[in-house]
Structure formats: C-alpha cells, structure tokens
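Asks: Below is protein_6.cif; it holds mmCIF, C-alpha atoms.
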data_final
#
loop_
_atom_site.group_PDB
_atom_site.id
_atom_site.type_symbol
_atom_site.label_atom_id
_atom_site.label_comp_id
_atom_site.auth_asym_id
_atom_site.auth_seq_id
_atom_site.Cartn_x
_atom_site.Cartn_y
_atom_site.Cartn_z
ATOM 1 C CA GLN A 2 0.000 0.000 0.000
ATOM 2 C CA VAL A 3 1.416 3.356 -1.074
ATOM 3 C CA GLN A 4 1.647 5.983 1.629
ATOM 4 C CA VAL A 5 2.542 9.637 1.270
ATOM 5 C CA VAL A 6 3.043 11.746 4.403
ATOM 6 C CA GLU A 7 3.910 15.445 4.480
ATOM 7 C CA SER A 8 5.419 17.296 7.419
ATOM 8 C CA GLY A 9 7.193 20.521 8.258
ATOM 9 C CA GLY A 10 4.426 23.086 7.955
ATOM 10 C CA ASP A 11 4.467 25.943 10.430
ATOM 11 C CA LEU A 12 3.772 29.606 11.087
ATOM 12 C CA VAL A 13 6.608 31.758 9.751
ATOM 13 C CA GLN A 14 7.174 35.466 9.308
ATOM 14 C CA PRO A 15 7.437 37.048 5.840
ATOM 15 C CA GLY A 16 10.936 36.603 4.495
ATOM 16 C CA GLY A 17 11.442 33.447 6.518
ATOM 17 C CA SER A 18 12.191 29.890 5.416
ATOM 18 C CA LEU A 19 10.713 26.428 5.873
ATOM 19 C CA ARG A 20 11.521 22.951 4.660
ATOM 20 C CA LEU A 21 8.673 20.581 3.947
ATOM 21 C CA SER A 22 9.200 16.831 3.837
ATOM 22 C CA CYS A 23 7.317 14.165 1.907
ATOM 23 C CA ALA A 24 7.925 10.609 3.069
ATOM 24 C CA THR A 25 6.835 7.855 0.705
ATOM 25 C CA SER A 26 6.511 4.113 1.138
ATOM 26 C CA GLY A 27 5.014 1.130 -0.608
ATOM 27 C CA PHE A 28 6.207 2.093 -4.085
ATOM 28 C CA THR A 29 7.007 -0.627 -6.583
ATOM 29 C CA ARG A 30 7.867 1.589 -9.529
ATOM 30 C CA ASP A 31 11.492 2.383 -10.235
ATOM 31 C CA TYR A 32 10.696 5.658 -11.953
ATOM 32 C CA TYR A 33 8.019 8.128 -10.923
ATOM 33 C CA PHE A 34 7.393 11.771 -10.136
ATOM 34 C CA ILE A 35 6.661 13.607 -6.922
ATOM 35 C CA GLY A 36 4.686 16.829 -7.069
ATOM 36 C CA TRP A 37 4.139 19.523 -4.465
ATOM 37 C CA PHE A 38 0.814 21.331 -4.606
ATOM 38 C CA ARG A 39 -0.790 23.959 -2.421
ATOM 39 C CA GLN A 40 -4.317 25.097 -1.821
ATOM 40 C CA ALA A 41 -5.374 28.306 -0.139
ATOM 41 C CA PRO A 42 -8.927 28.808 1.156
ATOM 42 C CA GLY A 43 -11.314 29.501 -1.703
ATOM 43 C CA LYS A 44 -8.699 28.792 -4.359
ATOM 44 C CA GLU A 45 -7.940 25.888 -6.641
ATOM 45 C CA ARG A 46 -5.114 23.496 -5.931
ATOM 46 C CA GLU A 47 -1.943 24.860 -7.514
ATOM 47 C CA GLY A 48 1.117 22.940 -8.680
ATOM 48 C CA VAL A 49 4.220 24.351 -6.999
ATOM 49 C CA SER A 50 7.047 22.039 -7.989
ATOM 50 C CA CYS A 51 7.768 18.546 -9.251
ATOM 51 C CA ILE A 52 10.757 16.204 -9.391
ATOM 52 C CA SER A 53 11.458 12.877 -11.030
ATOM 53 C CA SER A 54 12.577 10.000 -8.830
ATOM 54 C CA SER A 55 15.982 10.144 -10.535
ATOM 55 C CA GLY A 56 16.242 13.852 -9.775
ATOM 56 C CA GLY A 57 17.048 14.601 -13.382
ATOM 57 C CA ILE A 58 13.848 16.522 -14.055
ATOM 58 C CA THR A 59 12.474 19.377 -11.970
ATOM 59 C CA TYR A 60 9.659 21.827 -12.601
ATOM 60 C CA TYR A 61 8.689 25.000 -10.753
ATOM 61 C CA ALA A 62 5.735 27.336 -10.898
ATOM 62 C CA ASN A 63 6.695 30.858 -11.926
ATOM 63 C CA SER A 64 5.401 32.159 -8.593
ATOM 64 C CA VAL A 65 8.017 30.204 -6.623
ATOM 65 C CA LYS A 66 10.930 29.998 -9.025
ATOM 66 C CA ASP A 67 14.170 31.247 -7.418
ATOM 67 C CA ARG A 68 12.598 30.947 -3.936
ATOM 68 C CA PHE A 69 11.717 27.250 -3.632
ATOM 69 C CA THR A 70 13.957 24.250 -4.241
ATOM 70 C CA ILE A 71 12.785 20.673 -4.610
ATOM 71 C CA SER A 72 15.120 17.819 -3.744
ATOM 72 C CA LYS A 73 15.192 14.158 -2.751
ATOM 73 C CA ASP A 74 16.887 11.654 -0.526
ATOM 74 C CA ASN A 75 16.401 8.275 -2.172
ATOM 75 C CA ALA A 76 17.915 6.416 0.746
ATOM 76 C CA LYS A 77 15.131 7.725 2.938
ATOM 77 C CA ASN A 78 12.417 7.713 0.232
ATOM 78 C CA THR A 79 11.848 11.307 1.198
ATOM 79 C CA PHE A 80 11.379 14.400 -0.922
ATOM 80 C CA TYR A 81 11.822 17.973 0.243
ATOM 81 C CA LEU A 82 10.592 21.426 -0.625
ATOM 82 C CA GLN A 83 12.918 24.119 0.679
ATOM 83 C CA MET A 84 11.057 27.415 0.770
ATOM 84 C CA THR A 85 12.844 30.727 1.248
ATOM 85 C CA ASN A 86 11.810 34.387 1.202
ATOM 86 C CA LEU A 87 8.284 33.320 2.074
ATOM 87 C CA LYS A 88 5.447 35.715 1.343
ATOM 88 C CA PRO A 89 1.926 35.963 2.798
ATOM 89 C CA GLU A 90 0.572 34.707 -0.526
ATOM 90 C CA ASP A 91 2.441 31.425 0.052
ATOM 91 C CA THR A 92 0.013 30.662 2.883
ATOM 92 C CA ALA A 93 -1.796 27.419 2.051
ATOM 93 C CA VAL A 94 -2.083 23.743 2.820
ATOM 94 C CA TYR A 95 0.777 22.030 1.005
ATOM 95 C CA TYR A 96 0.281 18.558 -0.432
ATOM 96 C CA CYS A 97 2.642 15.969 -1.808
ATOM 97 C CA ALA A 98 1.506 13.529 -4.509
ATOM 98 C CA THR A 99 2.874 10.792 -6.764
ATOM 99 C CA ALA A 100 2.550 10.306 -10.500
ATOM 100 C CA SER A 101 3.690 7.624 -12.920
ATOM 101 C CA TYR A 102 4.710 10.213 -15.460
ATOM 102 C CA VAL A 103 4.197 13.915 -16.050
ATOM 103 C CA SER A 104 5.535 16.353 -18.602
ATOM 104 C CA LEU A 105 6.181 20.067 -18.774
ATOM 105 C CA ASP A 106 2.626 20.481 -20.037
ATOM 106 C CA SER A 107 0.920 18.278 -17.459
ATOM 107 C CA TRP A 108 2.816 18.408 -14.173
ATOM 108 C CA GLN A 109 0.578 21.089 -12.659
ATOM 109 C CA GLN A 110 -2.625 19.122 -13.255
ATOM 110 C CA PRO A 111 -3.790 17.385 -10.046
ATOM 111 C CA SER A 112 -5.566 14.744 -12.134
ATOM 112 C CA GLN A 113 -2.167 13.390 -13.235
ATOM 113 C CA TYR A 114 -1.308 12.306 -9.683
ATOM 114 C CA GLU A 115 -2.421 9.082 -8.058
ATOM 115 C CA TYR A 116 -1.598 9.113 -4.364
ATOM 116 C CA TRP A 117 -1.866 12.157 -2.114
ATOM 117 C CA GLY A 118 -0.812 12.973 1.407
ATOM 118 C CA GLN A 119 -3.015 14.624 3.993
ATOM 119 C CA GLY A 120 -1.358 18.027 3.675
ATOM 120 C CA THR A 121 0.611 20.303 5.981
ATOM 121 C CA GLN A 122 -0.322 23.901 6.814
ATOM 122 C CA VAL A 123 2.060 26.730 5.971
ATOM 123 C CA THR A 124 1.121 30.159 7.291
ATOM 124 C CA VAL A 125 3.178 33.232 6.459
ATOM 125 C CA SER A 126 2.227 36.118 8.686
ATOM 126 C CA SER A 127 3.763 38.736 10.944
#
Is it possible to express this structure as structure tokens?
Replies:
Amino acid sequence: QVQVVESGGDLVQPGGSLRLSCATSGFTRDYYFIGWFRQAPGKEREGVSCISSSGGITYYANSVKDRFTISKDNAKNTFYLQMTNLKPEDTAVYYCATASYVSLDSWQQPSQYEYWGQGTQVTVSS
C-alpha cells in the first residue's frame, strides 16, 4: 500500500524559510514523479514544484521559481521542498503527490497524480 506523508508546515514570518518533507513508502515503480501542490482557502489546488525519482527533471511554478527548491533523498524515500523568502501569498495547505509520469505540459494538473498525502499547513504572517 502506497503511503505519502507530508510534514514541516508551520507559522513563519514574511521573508522566513521552511523545509517541507514528503515521506513515501510502498512504491514498486522504479521511476516516478513527486509533485508539491498547495491550496489556499477559496482557491484551486496549484502545482508548486515537481521532481522525477531520478532527480534529473524538476519543474517549478513561476510564482516560486528562485525561492523554492525541490530535492530528494532516495535512501530515505523522502522528498523535500525548501522554501525561502516566504510571502503571505504562500500561505496554504501544502500537499505531496505521486505520478507515474508527467511532462512540462501536465505536471501542474492534479488529475495526473495518483496518491496524495493529507497536507501540511504553511502560514506566512507577521
């Protein structure tokens, strides 16, 4: 059974940093993608970043490029989202999800992802 568990959300001041973690287990595929999404109240779920299991492919939303970095630790089956220079508009529940395959044109579509975590709250406020 595939499990996806996010952690690391917190309350942080504008300009601060956070690192979110996504622990996965139960995977049988050798190659897959991990996507980070976020959803603010009253808004649609938004693709933030994505990485292939090999680490050779990464995607970022324009709104977070140069501020967020996605990475992985295969030994731990854990994926990370390092967030810096956080802004109030980054406030949302952040989700991690798995996909068999995504492309530059499809990685931000939630329908492409199969397994989702429960989410972790990130609040950016002074």
Asks: Need the shell around region 15-30 of chain A: protein/DNA/RNA residues with any atom at most 9 Å away, counting only C-alpha atoms. Skip same-chain ones fewer than 5 positions apart. Format as a ChimeraX atom specification?
Replies: /A:2-10,35,37,77-89,95-99,101,118,121,123,125-127
Asks: Pick the closest to Gly57 (chain A) from A:Lys73, A:Leu12, A:Gly36, A:Pro42: which is it, counting only C-alpha atoms?
Replies: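 That would be A:Lys73, the residue with the smallest distance to Gly57 (chain A).
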Asks: When distances are computed from all atoms listed in the file, which of A:Ile71, A:Val94, A:Val65, A:Val49 shows the smallest separation from Gln109 (chain A)?
Replies: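 Of A:Ile71, A:Val94, A:Val65, A:Val49, the one nearest Gln109 (chain A) is A:Val49, counting all atoms listed in the file.
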Asks: Residue by residue, what does the PyMOL selection byres ((chain A and resi 110) around 10) grab here? Present the result as a PyMOL selection string.
Replies: chain A and resi 36+38+46-48+103+106-109+111-114
Asks: Enter the distance from CA of Val13 (chain A) to CA of Thr59 (chain A), in Å, rounded to one decimal.
Replies: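 If I compute the distance from CA of Val13 (chain A) to CA of Thr59 (chain A), I get 25.7 Å.
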Asks: CA of Thr92 (chain A) to CA of Phe34 (chain A): how many Å, to one decimal?
Replies: 24.1 Å
Asks: Given all atoms listed in the file as the basis, pick out the residue of A:Asn75, A:Ala93, A:Gln122, A:Ala100 nearest to Lys44 (chain A).
Replies: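 Once distances to Lys44 (chain A) are computed over all atoms listed in the file, the minimum belongs to A:Ala93.
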Asks: Give the answer as one residue: which of A:Tyr60, A:Tyr116, A:Tyr102, A:Tyr32 has the shortest atom-to-atom distance to Ser72 (chain A), using only C-alpha atoms?
Replies: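 The answer is A:Tyr60, which sits nearest to Ser72 (chain A).
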Asks: Can you measure CA of Glu90 (chain A) to CA of Ser54 (chain A) for me? One decimal in Å is fine.
Replies: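 These atoms are spaced 28.7 Å apart.
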Asks: Kindly indicate which residue among A:Leu105, A:Gln119, A:Asp67, A:Ala76 lies nearest to Ile52 (chain A), using all atoms listed in the file for the distances.
Replies: A:Leu105
Asks: Could you add the missing atoms to region 90-110 of chain A, up to N, CA and C atoms, and return them as a JSON list (two decimals), keeping the file's coordinate frame?
Replies:
[["chain", "number", "residue", "atom", "x", "y", "z"],
["A", 90, "GLU", "N", 1.33, 35.43, 0.50],
["A", 90, "GLU", "CA", 0.57, 34.71, -0.53],
["A", 90, "GLU", "C", 1.01, 33.24, -0.67],
["A", 91, "ASP", "N", 2.06, 32.84, 0.03],
["A", 91, "ASP", "CA", 2.44, 31.42, 0.05],
["A", 91, "ASP", "C", 1.63, 30.64, 1.08],
["A", 92, "THR", "N", 0.84, 31.33, 1.87],
["A", 92, "THR", "CA", 0.01, 30.66, 2.88],
["A", 92, "THR", "C", -0.97, 29.71, 2.22],
["A", 93, "ALA", "N", -0.94, 28.45, 2.64],
["A", 93, "ALA", "CA", -1.80, 27.42, 2.05],
["A", 93, "ALA", "C", -1.54, 26.09, 2.76],
["A", 94, "VAL", "N", -2.38, 25.12, 2.47],
["A", 94, "VAL", "CA", -2.08, 23.74, 2.82],
["A", 94, "VAL", "C", -1.26, 23.17, 1.67],
["A", 95, "TYR", "N", -0.12, 22.59, 2.02],
["A", 95, "TYR", "CA", 0.78, 22.03, 1.00],
["A", 95, "TYR", "C", 0.62, 20.52, 0.99],
["A", 96, "TYR", "N", 0.47, 19.99, -0.23],
["A", 96, "TYR", "CA", 0.28, 18.56, -0.43],
["A", 96, "TYR", "C", 1.41, 17.99, -1.28],
["A", 97, "CYS", "N", 1.70, 16.73, -1.02],
["A", 97, "CYS", "CA", 2.64, 15.97, -1.81],
["A", 97, "CYS", "C", 1.86, 14.86, -2.51],
["A", 98, "ALA", "N", 2.24, 14.55, -3.76],
["A", 98, "ALA", "CA", 1.51, 13.53, -4.51],
["A", 98, "ALA", "C", 2.45, 12.81, -5.47],
["A", 99, "THR", "N", 2.05, 11.60, -5.87],
["A", 99, "THR", "CA", 2.87, 10.79, -6.76],
["A", 99, "THR", "C", 2.21, 10.65, -8.12],
["A", 100, "ALA", "N", 3.05, 10.51, -9.14],
["A", 100, "ALA", "CA", 2.55, 10.31, -10.50],
["A", 100, "ALA", "C", 3.46, 9.34, -11.23],
["A", 101, "SER", "N", 2.88, 8.54, -12.13],
["A", 101, "SER", "CA", 3.69, 7.62, -12.92],
["A", 101, "SER", "C", 4.57, 8.39, -13.89],
["A", 102, "TYR", "N", 3.98, 9.39, -14.52],
["A", 102, "TYR", "CA", 4.71, 10.21, -15.46],
["A", 102, "TYR", "C", 3.98, 11.53, -15.65],
["A", 103, "VAL", "N", 4.74, 12.61, -15.69],
["A", 103, "VAL", "CA", 4.20, 13.92, -16.05],
["A", 103, "VAL", "C", 5.18, 14.60, -16.99],
["A", 104, "SER", "N", 4.70, 15.59, -17.68],
["A", 104, "SER", "CA", 5.54, 16.35, -18.60],
["A", 104, "SER", "C", 5.47, 17.83, -18.25],
["A", 105, "LEU", "N", 6.20, 18.63, -19.01],
["A", 105, "LEU", "CA", 6.18, 20.07, -18.77],
["A", 105, "LEU", "C", 4.76, 20.62, -18.91],
["A", 106, "ASP", "N", 3.98, 19.99, -19.79],
["A", 106, "ASP", "CA", 2.63, 20.48, -20.04],
["A", 106, "ASP", "C", 1.60, 19.96, -19.04],
["A", 107, "SER", "N", 1.94, 18.91, -18.29],
["A", 107, "SER", "CA", 0.92, 18.28, -17.46],
["A", 107, "SER", "C", 1.23, 18.26, -15.97],
["A", 108, "TRP", "N", 2.43, 18.64, -15.56],
["A", 108, "TRP", "CA", 2.82, 18.41, -14.17],
["A", 108, "TRP", "C", 1.98, 19.20, -13.17],
["A", 109, "GLN", "N", 1.37, 20.28, -13.58],
["A", 109, "GLN", "CA", 0.58, 21.09, -12.66],
["A", 109, "GLN", "C", -0.90, 20.67, -12.59],
["A", 110, "GLN", "N", -1.24, 19.60, -13.27],
["A", 110, "GLN", "CA", -2.62, 19.12, -13.26],
["A", 110, "GLN", "C", -2.80, 18.08, -12.16]]
